[in-house]
Every structure is written in structure tokens, then in C-alpha cells.
>>> print(open('data_31.cif').read())   # mmCIF, C-alpha atoms
data_upload
#
loop_
_atom_site.group_PDB
_atom_site.id
_atom_site.type_symbol
_atom_site.label_atom_id
_atom_site.label_comp_id
_atom_site.auth_asym_id
_atom_site.auth_seq_id
_atom_site.Cartn_x
_atom_site.Cartn_y
_atom_site.Cartn_z
ATOM 1 C CA MET A 23 16.626 -12.549 25.341
ATOM 2 C CA VAL A 24 18.263 -12.701 21.905
ATOM 3 C CA GLU A 25 15.750 -12.687 19.049
ATOM 4 C CA SER A 26 16.181 -15.416 16.465
ATOM 5 C CA VAL A 27 15.971 -15.018 12.703
ATOM 6 C CA SER A 28 12.514 -16.599 12.831
ATOM 7 C CA ASP A 29 11.442 -13.901 15.304
ATOM 8 C CA LEU A 30 12.648 -11.206 12.890
ATOM 9 C CA PRO A 31 12.031 -12.569 9.376
ATOM 10 C CA LEU A 32 12.718 -9.166 7.777
ATOM 11 C CA LYS A 33 15.909 -8.417 9.695
ATOM 12 C CA GLY A 34 18.364 -6.618 7.424
ATOM 13 C CA LYS A 35 15.635 -5.670 4.941
ATOM 14 C CA HIS A 36 14.981 -2.086 3.898
ATOM 15 C CA ALA A 37 11.494 -0.988 2.912
ATOM 16 C CA ALA A 38 9.403 2.017 1.939
ATOM 17 C CA VAL A 39 5.649 2.530 2.239
ATOM 18 C CA THR A 40 3.589 5.356 0.736
ATOM 19 C CA GLY A 41 0.570 6.741 2.523
ATOM 20 C CA ALA A 42 2.323 5.488 5.631
ATOM 21 C CA ALA A 43 1.094 7.843 8.342
ATOM 22 C CA SER A 44 -2.258 6.132 8.876
ATOM 23 C CA GLY A 45 -4.558 3.265 7.954
ATOM 24 C CA ILE A 46 -3.265 0.333 5.926
ATOM 25 C CA GLY A 47 0.045 2.082 5.259
ATOM 26 C CA LEU A 48 0.792 2.464 8.945
ATOM 27 C CA ALA A 49 -0.291 -1.109 9.629
ATOM 28 C CA SER A 50 2.107 -2.269 6.917
ATOM 29 C CA VAL A 51 4.932 -0.278 8.477
ATOM 30 C CA ARG A 52 4.217 -1.655 11.934
ATOM 31 C CA ALA A 53 4.238 -5.233 10.669
ATOM 32 C CA MET A 54 7.563 -4.740 8.885
ATOM 33 C CA VAL A 55 9.252 -2.935 11.776
ATOM 34 C CA ARG A 56 8.164 -5.654 14.197
ATOM 35 C CA ALA A 57 9.667 -8.188 11.774
ATOM 36 C CA GLY A 58 13.040 -6.411 11.858
ATOM 37 C CA ALA A 59 12.966 -4.140 8.797
ATOM 38 C CA ARG A 60 14.017 -0.502 8.515
ATOM 39 C CA VAL A 61 11.204 1.402 6.841
ATOM 40 C CA VAL A 62 10.901 4.809 5.193
ATOM 41 C CA LEU A 63 7.434 6.200 5.782
ATOM 42 C CA VAL A 64 6.333 8.363 2.846
ATOM 43 C CA ASP A 65 3.432 10.723 3.459
ATOM 44 C CA ARG A 66 2.516 14.359 2.928
ATOM 45 C CA ASP A 67 1.400 14.844 6.556
ATOM 46 C CA ALA A 68 4.592 15.917 8.319
ATOM 47 C CA ALA A 69 3.041 16.126 11.798
ATOM 48 C CA ALA A 70 1.501 12.668 11.583
ATOM 49 C CA LEU A 71 4.772 11.216 10.280
ATOM 50 C CA GLN A 72 6.732 12.741 13.129
ATOM 51 C CA LYS A 73 4.383 11.253 15.690
ATOM 52 C CA VAL A 74 4.236 7.715 14.320
ATOM 53 C CA CYS A 75 7.996 7.586 13.712
ATOM 54 C CA SER A 76 8.598 8.728 17.273
ATOM 55 C CA ASP A 77 6.352 5.924 18.488
ATOM 56 C CA LEU A 78 8.004 3.294 16.272
ATOM 57 C CA GLY A 79 11.616 4.202 17.034
ATOM 58 C CA SER A 80 14.778 4.430 14.953
ATOM 59 C CA ALA A 81 13.713 1.748 12.465
ATOM 60 C CA ALA A 82 11.046 4.144 11.140
ATOM 61 C CA ILE A 83 12.320 7.003 8.952
ATOM 62 C CA PRO A 84 9.987 9.839 7.908
ATOM 63 C CA LEU A 85 9.964 11.279 4.390
ATOM 64 C CA VAL A 86 7.521 14.078 3.657
ATOM 65 C CA VAL A 87 6.385 13.905 0.020
ATOM 66 C CA ASP A 88 3.275 15.155 -1.735
ATOM 67 C CA LEU A 89 2.913 12.505 -4.423
ATOM 68 C CA LEU A 90 0.451 14.670 -6.349
ATOM 69 C CA ASP A 91 3.259 17.163 -6.927
ATOM 70 C CA ALA A 92 4.990 15.952 -10.111
ATOM 71 C CA GLU A 93 8.468 17.061 -9.049
ATOM 72 C CA GLN A 94 8.222 15.542 -5.571
ATOM 73 C CA CYS A 95 6.831 12.322 -7.023
ATOM 74 C CA ALA A 96 9.745 12.053 -9.449
ATOM 75 C CA GLU A 97 12.266 12.524 -6.633
ATOM 76 C CA MET A 98 10.713 10.075 -4.172
ATOM 77 C CA ALA A 99 12.655 6.936 -5.139
ATOM 78 C CA SER A 100 16.043 8.640 -5.051
ATOM 79 C CA LYS A 101 15.270 10.186 -1.654
ATOM 80 C CA VAL A 102 14.184 6.818 -0.265
ATOM 81 C CA LEU A 103 17.374 5.174 -1.495
ATOM 82 C CA ALA A 104 19.483 7.938 0.022
ATOM 83 C CA LEU A 105 17.830 7.449 3.406
ATOM 84 C CA LEU A 106 18.364 3.673 3.222
ATOM 85 C CA GLY A 107 21.984 3.724 2.112
ATOM 86 C CA GLY A 108 21.198 2.675 -1.454
ATOM 87 C CA GLN A 109 19.321 -0.527 -0.613
ATOM 88 C CA LEU A 110 15.580 -1.033 -1.080
ATOM 89 C CA ASP A 111 14.220 -4.555 -0.696
ATOM 90 C CA ILE A 112 10.502 -3.882 -0.278
ATOM 91 C CA PHE A 113 8.227 -1.214 -1.687
ATOM 92 C CA HIS A 114 4.567 -0.926 -0.745
ATOM 93 C CA ALA A 115 2.610 1.456 -2.990
ATOM 94 C CA ASN A 116 -0.278 2.185 -0.693
ATOM 95 C CA ALA A 117 -1.182 5.877 -1.007
ATOM 96 C CA GLY A 118 -4.635 6.487 -2.413
ATOM 97 C CA ILE A 119 -7.834 8.454 -2.092
ATOM 98 C CA TYR A 120 -11.494 7.616 -2.432
ATOM 99 C CA VAL A 121 -14.358 9.001 -4.485
ATOM 100 C CA GLY A 122 -17.618 7.221 -3.819
ATOM 101 C CA GLY A 123 -21.260 7.782 -4.505
ATOM 102 C CA ASP A 124 -23.207 8.494 -7.662
ATOM 103 C CA LEU A 125 -21.098 9.274 -10.714
ATOM 104 C CA LEU A 126 -23.313 12.257 -11.499
ATOM 105 C CA GLU A 127 -22.264 13.843 -8.218
ATOM 106 C CA ALA A 128 -18.507 13.419 -8.780
ATOM 107 C CA GLU A 129 -16.656 16.617 -9.660
ATOM 108 C CA HIS A 130 -14.130 16.622 -12.505
ATOM 109 C CA GLU A 131 -11.355 17.793 -10.195
ATOM 110 C CA ALA A 132 -12.036 15.000 -7.688
ATOM 111 C CA ILE A 133 -11.984 12.373 -10.446
ATOM 112 C CA ASP A 134 -8.704 13.708 -11.847
ATOM 113 C CA ARG A 135 -7.079 13.846 -8.414
ATOM 114 C CA MET A 136 -8.123 10.314 -7.529
ATOM 115 C CA MET A 137 -7.036 8.780 -10.828
ATOM 116 C CA GLN A 138 -3.712 10.588 -10.574
ATOM 117 C CA LEU A 139 -2.903 9.279 -7.097
ATOM 118 C CA ASN A 140 -4.509 5.836 -7.351
ATOM 119 C CA VAL A 141 -3.186 4.966 -10.808
ATOM 120 C CA SER A 142 -0.581 7.269 -12.361
ATOM 121 C CA VAL A 143 1.428 7.850 -9.181
ATOM 122 C CA VAL A 144 1.473 4.126 -8.394
ATOM 123 C CA MET A 145 2.780 3.341 -11.875
ATOM 124 C CA LYS A 146 5.471 6.018 -11.629
ATOM 125 C CA ASN A 147 6.579 5.023 -8.120
ATOM 126 C CA VAL A 148 6.750 1.324 -8.986
ATOM 127 C CA ARG A 149 8.599 2.056 -12.214
ATOM 128 C CA ASP A 150 11.214 4.114 -10.356
ATOM 129 C CA VAL A 151 11.899 1.563 -7.612
ATOM 130 C CA LEU A 152 11.963 -1.316 -10.098
ATOM 131 C CA LYS A 153 14.954 0.240 -11.846
ATOM 132 C CA HIS A 154 16.886 -0.208 -8.606
ATOM 133 C CA MET A 155 15.529 -3.685 -7.892
ATOM 134 C CA VAL A 156 16.300 -4.955 -11.385
ATOM 135 C CA GLU A 157 19.930 -3.951 -10.884
ATOM 136 C CA ARG A 158 20.034 -5.927 -7.634
ATOM 137 C CA LYS A 159 18.107 -8.896 -9.106
ATOM 138 C CA THR A 160 15.776 -9.029 -6.116
ATOM 139 C CA GLY A 161 12.920 -7.179 -4.482
ATOM 140 C CA ASP A 162 9.300 -7.232 -3.407
ATOM 141 C CA VAL A 163 6.637 -4.794 -4.567
ATOM 142 C CA LEU A 164 3.187 -4.690 -3.004
ATOM 143 C CA VAL A 165 0.319 -2.539 -4.199
ATOM 144 C CA THR A 166 -2.820 -1.762 -2.245
ATOM 145 C CA SER A 167 -5.779 -2.555 -4.460
ATOM 146 C CA SER A 168 -9.306 -3.260 -3.235
ATOM 147 C CA LEU A 169 -12.157 -5.698 -3.299
ATOM 148 C CA ALA A 170 -13.578 -3.112 -5.696
ATOM 149 C CA ALA A 171 -11.013 -4.340 -8.260
ATOM 150 C CA HIS A 172 -12.779 -7.707 -8.339
ATOM 151 C CA PHE A 173 -16.422 -6.746 -8.025
ATOM 152 C CA PRO A 174 -18.253 -3.861 -9.770
ATOM 153 C CA THR A 175 -19.393 -2.117 -6.613
ATOM 154 C CA PRO A 176 -22.301 0.094 -7.703
ATOM 155 C CA TRP A 177 -21.821 2.738 -4.997
ATOM 156 C CA GLU A 178 -18.270 3.654 -6.097
ATOM 157 C CA PRO A 179 -17.820 3.500 -9.909
ATOM 158 C CA VAL A 180 -14.952 6.007 -9.991
ATOM 159 C CA TYR A 181 -12.945 4.418 -7.190
ATOM 160 C CA ALA A 182 -13.625 0.892 -8.421
ATOM 161 C CA SER A 183 -12.411 1.812 -11.891
ATOM 162 C CA SER A 184 -9.100 3.056 -10.500
ATOM 163 C CA LYS A 185 -8.589 -0.222 -8.676
ATOM 164 C CA TRP A 186 -9.511 -2.350 -11.698
ATOM 165 C CA ALA A 187 -6.845 -0.411 -13.598
ATOM 166 C CA ILE A 188 -4.178 -0.861 -10.939
ATOM 167 C CA ASP A 189 -4.970 -4.557 -10.549
ATOM 168 C CA CYS A 190 -4.276 -4.985 -14.282
ATOM 169 C CA PHE A 191 -1.033 -3.030 -13.837
ATOM 170 C CA VAL A 192 0.110 -5.330 -11.033
ATOM 171 C CA GLN A 193 -0.609 -8.519 -12.953
ATOM 172 C CA THR A 194 0.994 -7.384 -16.210
ATOM 173 C CA THR A 195 4.080 -5.835 -14.618
ATOM 174 C CA ARG A 196 4.610 -8.967 -12.555
ATOM 175 C CA ARG A 197 4.995 -10.931 -15.771
ATOM 176 C CA GLN A 198 7.661 -8.521 -17.004
ATOM 177 C CA VAL A 199 9.900 -8.538 -13.947
ATOM 178 C CA PHE A 200 9.706 -12.000 -12.386
ATOM 179 C CA LYS A 201 12.683 -12.978 -14.576
ATOM 180 C CA HIS A 202 14.734 -10.463 -12.566
ATOM 181 C CA GLY A 203 13.931 -12.148 -9.249
ATOM 182 C CA ILE A 204 11.317 -9.550 -8.343
ATOM 183 C CA ARG A 205 7.943 -10.425 -6.865
ATOM 184 C CA ILE A 206 4.900 -8.186 -7.289
ATOM 185 C CA GLY A 207 1.586 -8.741 -5.581
ATOM 186 C CA GLY A 208 -1.618 -6.886 -4.846
ATOM 187 C CA ILE A 209 -3.622 -6.801 -1.651
ATOM 188 C CA SER A 210 -7.366 -6.340 -2.121
ATOM 189 C CA PRO A 211 -9.098 -5.716 1.187
ATOM 190 C CA GLY A 212 -12.795 -5.365 1.634
ATOM 191 C CA PRO A 213 -13.911 -2.439 3.829
ATOM 192 C CA VAL A 214 -11.178 -1.431 6.300
ATOM 193 C CA VAL A 215 -11.561 0.946 9.229
ATOM 194 C CA THR A 216 -9.654 3.912 7.754
ATOM 195 C CA ALA A 217 -10.319 7.536 6.864
ATOM 196 C CA LEU A 218 -11.126 6.445 3.303
ATOM 197 C CA LEU A 219 -14.516 5.271 4.533
ATOM 198 C CA ASN A 220 -15.449 8.809 5.523
ATOM 199 C CA ASP A 221 -16.889 9.267 2.032
ATOM 200 C CA TRP A 222 -19.071 6.155 2.200
ATOM 201 C CA PRO A 223 -22.821 6.710 2.254
ATOM 202 C CA ALA A 224 -23.645 7.209 5.936
ATOM 203 C CA GLU A 225 -26.281 4.491 6.018
ATOM 204 C CA LYS A 226 -23.922 1.932 4.449
ATOM 205 C CA LEU A 227 -21.125 2.739 6.914
ATOM 206 C CA GLU A 228 -23.431 2.442 9.904
ATOM 207 C CA GLN A 229 -24.761 -0.855 8.591
ATOM 208 C CA ALA A 230 -21.212 -2.208 8.150
ATOM 209 C CA LYS A 231 -20.273 -1.202 11.689
ATOM 210 C CA ALA A 232 -23.416 -2.785 13.123
ATOM 211 C CA ASN A 233 -22.908 -6.039 11.198
ATOM 212 C CA GLY A 234 -19.199 -6.416 11.980
ATOM 213 C CA THR A 235 -18.293 -6.272 8.301
ATOM 214 C CA LEU A 236 -15.169 -4.111 8.552
ATOM 215 C CA LEU A 237 -11.527 -5.191 8.690
ATOM 216 C CA ASP A 238 -8.968 -3.741 11.075
ATOM 217 C CA PRO A 239 -5.834 -2.299 9.407
ATOM 218 C CA ASP A 240 -3.571 -4.522 11.527
ATOM 219 C CA GLU A 241 -5.309 -7.572 10.066
ATOM 220 C CA VAL A 242 -4.212 -6.369 6.644
ATOM 221 C CA GLY A 243 -0.705 -5.838 8.032
ATOM 222 C CA GLN A 244 -0.576 -9.500 9.033
ATOM 223 C CA VAL A 245 -1.396 -10.534 5.463
ATOM 224 C CA ILE A 246 1.302 -8.220 4.106
ATOM 225 C CA LEU A 247 3.897 -9.825 6.355
ATOM 226 C CA PHE A 248 2.724 -13.272 5.232
ATOM 227 C CA MET A 249 3.252 -12.290 1.590
ATOM 228 C CA LEU A 250 6.726 -10.900 2.236
ATOM 229 C CA THR A 251 8.021 -13.844 4.230
ATOM 230 C CA ARG A 252 7.222 -16.645 1.776
ATOM 231 C CA PRO A 253 10.182 -18.486 0.210
ATOM 232 C CA ARG A 254 11.620 -16.547 -2.741
ATOM 233 C CA GLY A 255 10.343 -19.169 -5.153
ATOM 234 C CA MET A 256 6.753 -18.336 -4.215
ATOM 235 C CA THR A 257 4.834 -15.237 -5.258
ATOM 236 C CA ILE A 258 1.575 -14.397 -3.536
ATOM 237 C CA ARG A 259 0.086 -12.789 -6.620
ATOM 238 C CA ASP A 260 -2.983 -11.237 -5.061
ATOM 239 C CA VAL A 261 -4.957 -11.639 -1.865
ATOM 240 C CA VAL A 262 -8.608 -10.744 -1.435
ATOM 241 C CA MET A 263 -9.458 -10.128 2.215
ATOM 242 C CA LEU A 264 -13.026 -10.032 3.469
ATOM 243 C CA PRO A 265 -14.581 -9.646 6.888
ATOM 244 C CA THR A 266 -16.261 -12.991 7.519
ATOM 245 C CA ASN A 267 -19.690 -11.387 7.720
ATOM 246 C CA PHE A 268 -19.272 -9.318 4.579
ATOM 247 C CA ASP A 269 -21.896 -10.042 1.919
ATOM 248 C CA LEU A 270 -21.764 -8.542 -1.560
#
>>> encode(input="data_31.cif", output="C-alpha cells")
Amino acid sequence: MVESVSDLPLKGKHAAVTGAASGIGLASVRAMVRAGARVVLVDRDAAALQKVCSDLGSAAIPLVVDLLDAEQCAEMASKVLALLGGQLDIFHANAGIYVGGDLLEAEHEAIDRMMQLNVSVVMKNVRDVLKHMVERKTGDVLVTSSLAAHFPTPWEPVYASSKWAIDCFVQTTRRQVFKHGIRIGGISPGPVVTALLNDWPAEKLEQAKANGTLLDPDEVGQVILFMLTRPRGMTIRDVVMLPTNFDL
């Protein structure tokens, strides 16, 4: 059976996703590949990349990068473009880490590492891909934010602060580049079943599991595809996703 354009709304599109070997990043990749896109999966875990790309087939292209290494981070965009033949239509800045709990228990090194990956690296990656997209006068950029960017969650002041910062970055940068035909949007999920929750207080995680107040990564992937397949004249600026039973 021949697939129609409506079956493959991203056919012919080239994309890249950071933090792509697991969690929301992998769900994003899966949604795009199923919609017909070729996707470069950026992650530092070479073994995990090899496995998921083998499962996804030739439309999934692995790229091992440690984004906390300044030189590798600076080279990421050019390597992605080389793998995609010089065309990048979609970039999803998803890589991030989590520091939760009481601020007094957070180590300086952990704070620095998280702010570097969650904020500085995102800004650098988006800046580098935008240079290419501005030349082409088209493109979509998505950034993984969090419900924590919209609500001062008391159990994660460090993490929440990084997401408040990146939410501001998304909204201000969007205003700079929409004139070039580029759309930028943020996705702000509530708790998602990923490795990031490993640092949650144990009692809170168990309560969330018992109450059904966690999202599945593939549910986030569905929202990402929705954002990417809207008519070009429409920008989905930001989406807050909550499990129905979630109560702040």
C-alpha cells in the first residue's frame, strides 16, 4: 500500500534531536520517523544510540556528542548538517539533566553542570542551527522545558530555575526570528516516566506512580508531532502537558 502525504506529514524533512537515546528525546525521534522524517539522534551514549538506531532503521542516524564538552558542542551543528546533506528543517533541543531536592543539599558542581546543559548548551545549539535556518528562510525549533517553568515547584528550585530561564529564552528568541519564517516553541511536560525522575524524592515518586500522575514519553511525542505539522502560518508557542490526575 502506497502511503499518502497525509500518512507521512514530515516526508522529505530532516531533523535533529539532542538527548535522543532515551525518554522524551527518543519519543520525539520515533514520532518524526513514523511521520516520514530523517532524524539525526544526538547523544553521548554510543551504545544506546546504536541500539535505538538499529531498531528505527535507516531514517535514524546516530551522532555521538558530549554536549558538556565545549569543543564537541561547538561542532554539533556542522556535523548534523553534514550527515543530512546540508538541510535541517527541525531541531529539538531536548538534552537536559535534573537536580532536585533541598537547595542546601545541592553541590556546586551539580548546579554548574545542570545549568550548563539545561541553559547554556541549549542557547548555543539553537543559535548554531538558526544560522542555517535563517539562510533557508524556514525551520522549526522545539525546546524541552517543563511544568517547572510555569510553577515554582518547591522540591526542585535549581531545576525549576533552569527551566524558567530557558522558557524566557524560547519566547524572546521566537520574537527575533519569526520574520525569517522560523517557528520556535517550547514543550512543558509535567512528570514524565524517564530517568530524570530517579532524583525525585522517593516518597513523591511512589505517590505519583500510585495516583497515575505521570505522563508516558510517547504522549509527549504525539504533542511534538502536532506542533510540527500545523500550517506554517501557525506557531504553537508553548504547550503545558499534565497527567489528568496531576494536582499542584
>>> closest_atom_pairs(input="data_31.cif", of="segment 144-176 of chain A", to="segment 246-269 of chain A", cutoff="12 Å", atoms="all atoms listed in the file", output="Markdown table")
| residue | atom | partner | partner_atom | distance |
| --- | --- | --- | --- | --- |
| A:Lys159 | CA | A:Arg254 | CA | 11.9 |
| A:Thr160 | CA | A:Arg254 | CA | 9.2 |
| A:Gly161 | CA | A:Arg254 | CA | 9.6 |
| A:Asp162 | CA | A:Leu250 | CA | 7.2 |
| A:Val163 | CA | A:Leu250 | CA | 9.1 |
| A:Leu164 | CA | A:Ile246 | CA | 8.2 |
| A:Val165 | CA | A:Asp260 | CA | 9.3 |
| A:Thr166 | CA | A:Asp260 | CA | 9.9 |
| A:Ser167 | CA | A:Asp260 | CA | 9.1 |
| A:Ser168 | CA | A:Val262 | CA | 7.7 |
| A:Leu169 | CA | A:Val262 | CA | 6.4 |
| A:Ala170 | CA | A:Val262 | CA | 10.1 |
| A:Ala171 | CA | A:Val262 | CA | 9.7 |
| A:His172 | CA | A:Val262 | CA | 8.6 |
| A:Phe173 | CA | A:Val262 | CA | 11.0 |
| A:Thr175 | CA | A:Asp269 | CA | 11.9 |
>>> residues_around(input="data_31.cif", residues="Gly118 of chain A", least_positions_apart="4", cutoff="9 Å", atoms="only C-alpha atoms", output="PyMOL selection string")
chain A and resi 40-41+136+139-141+144+166+218
>>> residues_around(input="data_31.cif", residues="Ser50 of chain A", least_positions_apart="3", cutoff="6 Å", atoms="all atoms listed in the file", output="count of residues only")
3
>>> closest_residue(input="data_31.cif", among="A:Ala37, A:Ser80, A:Leu71, A:Lys146", to="Ala59 of chain A", atoms="all atoms listed in the file")
A:Ala37
>>> closest_atom_pairs(input="data_31.cif", of="segment 70-163 of chain A", to="segment 178-181 of chain A", cutoff="6 Å", atoms="only C-alpha atoms", output="Markdown table")
| residue | atom | partner | partner_atom | distance |
| --- | --- | --- | --- | --- |
| A:Tyr120 | CA | A:Tyr181 | CA | 5.9 |
| A:Val121 | CA | A:Tyr181 | CA | 5.5 |
| A:Gly122 | CA | A:Glu178 | CA | 4.3 |
| A:Gly123 | CA | A:Glu178 | CA | 5.3 |
>>> atom_distance(input="data_31.cif", atom1="atom CA of Gly45 of chain A", atom2="atom CA of Pro239 of chain A")
5.9 Å
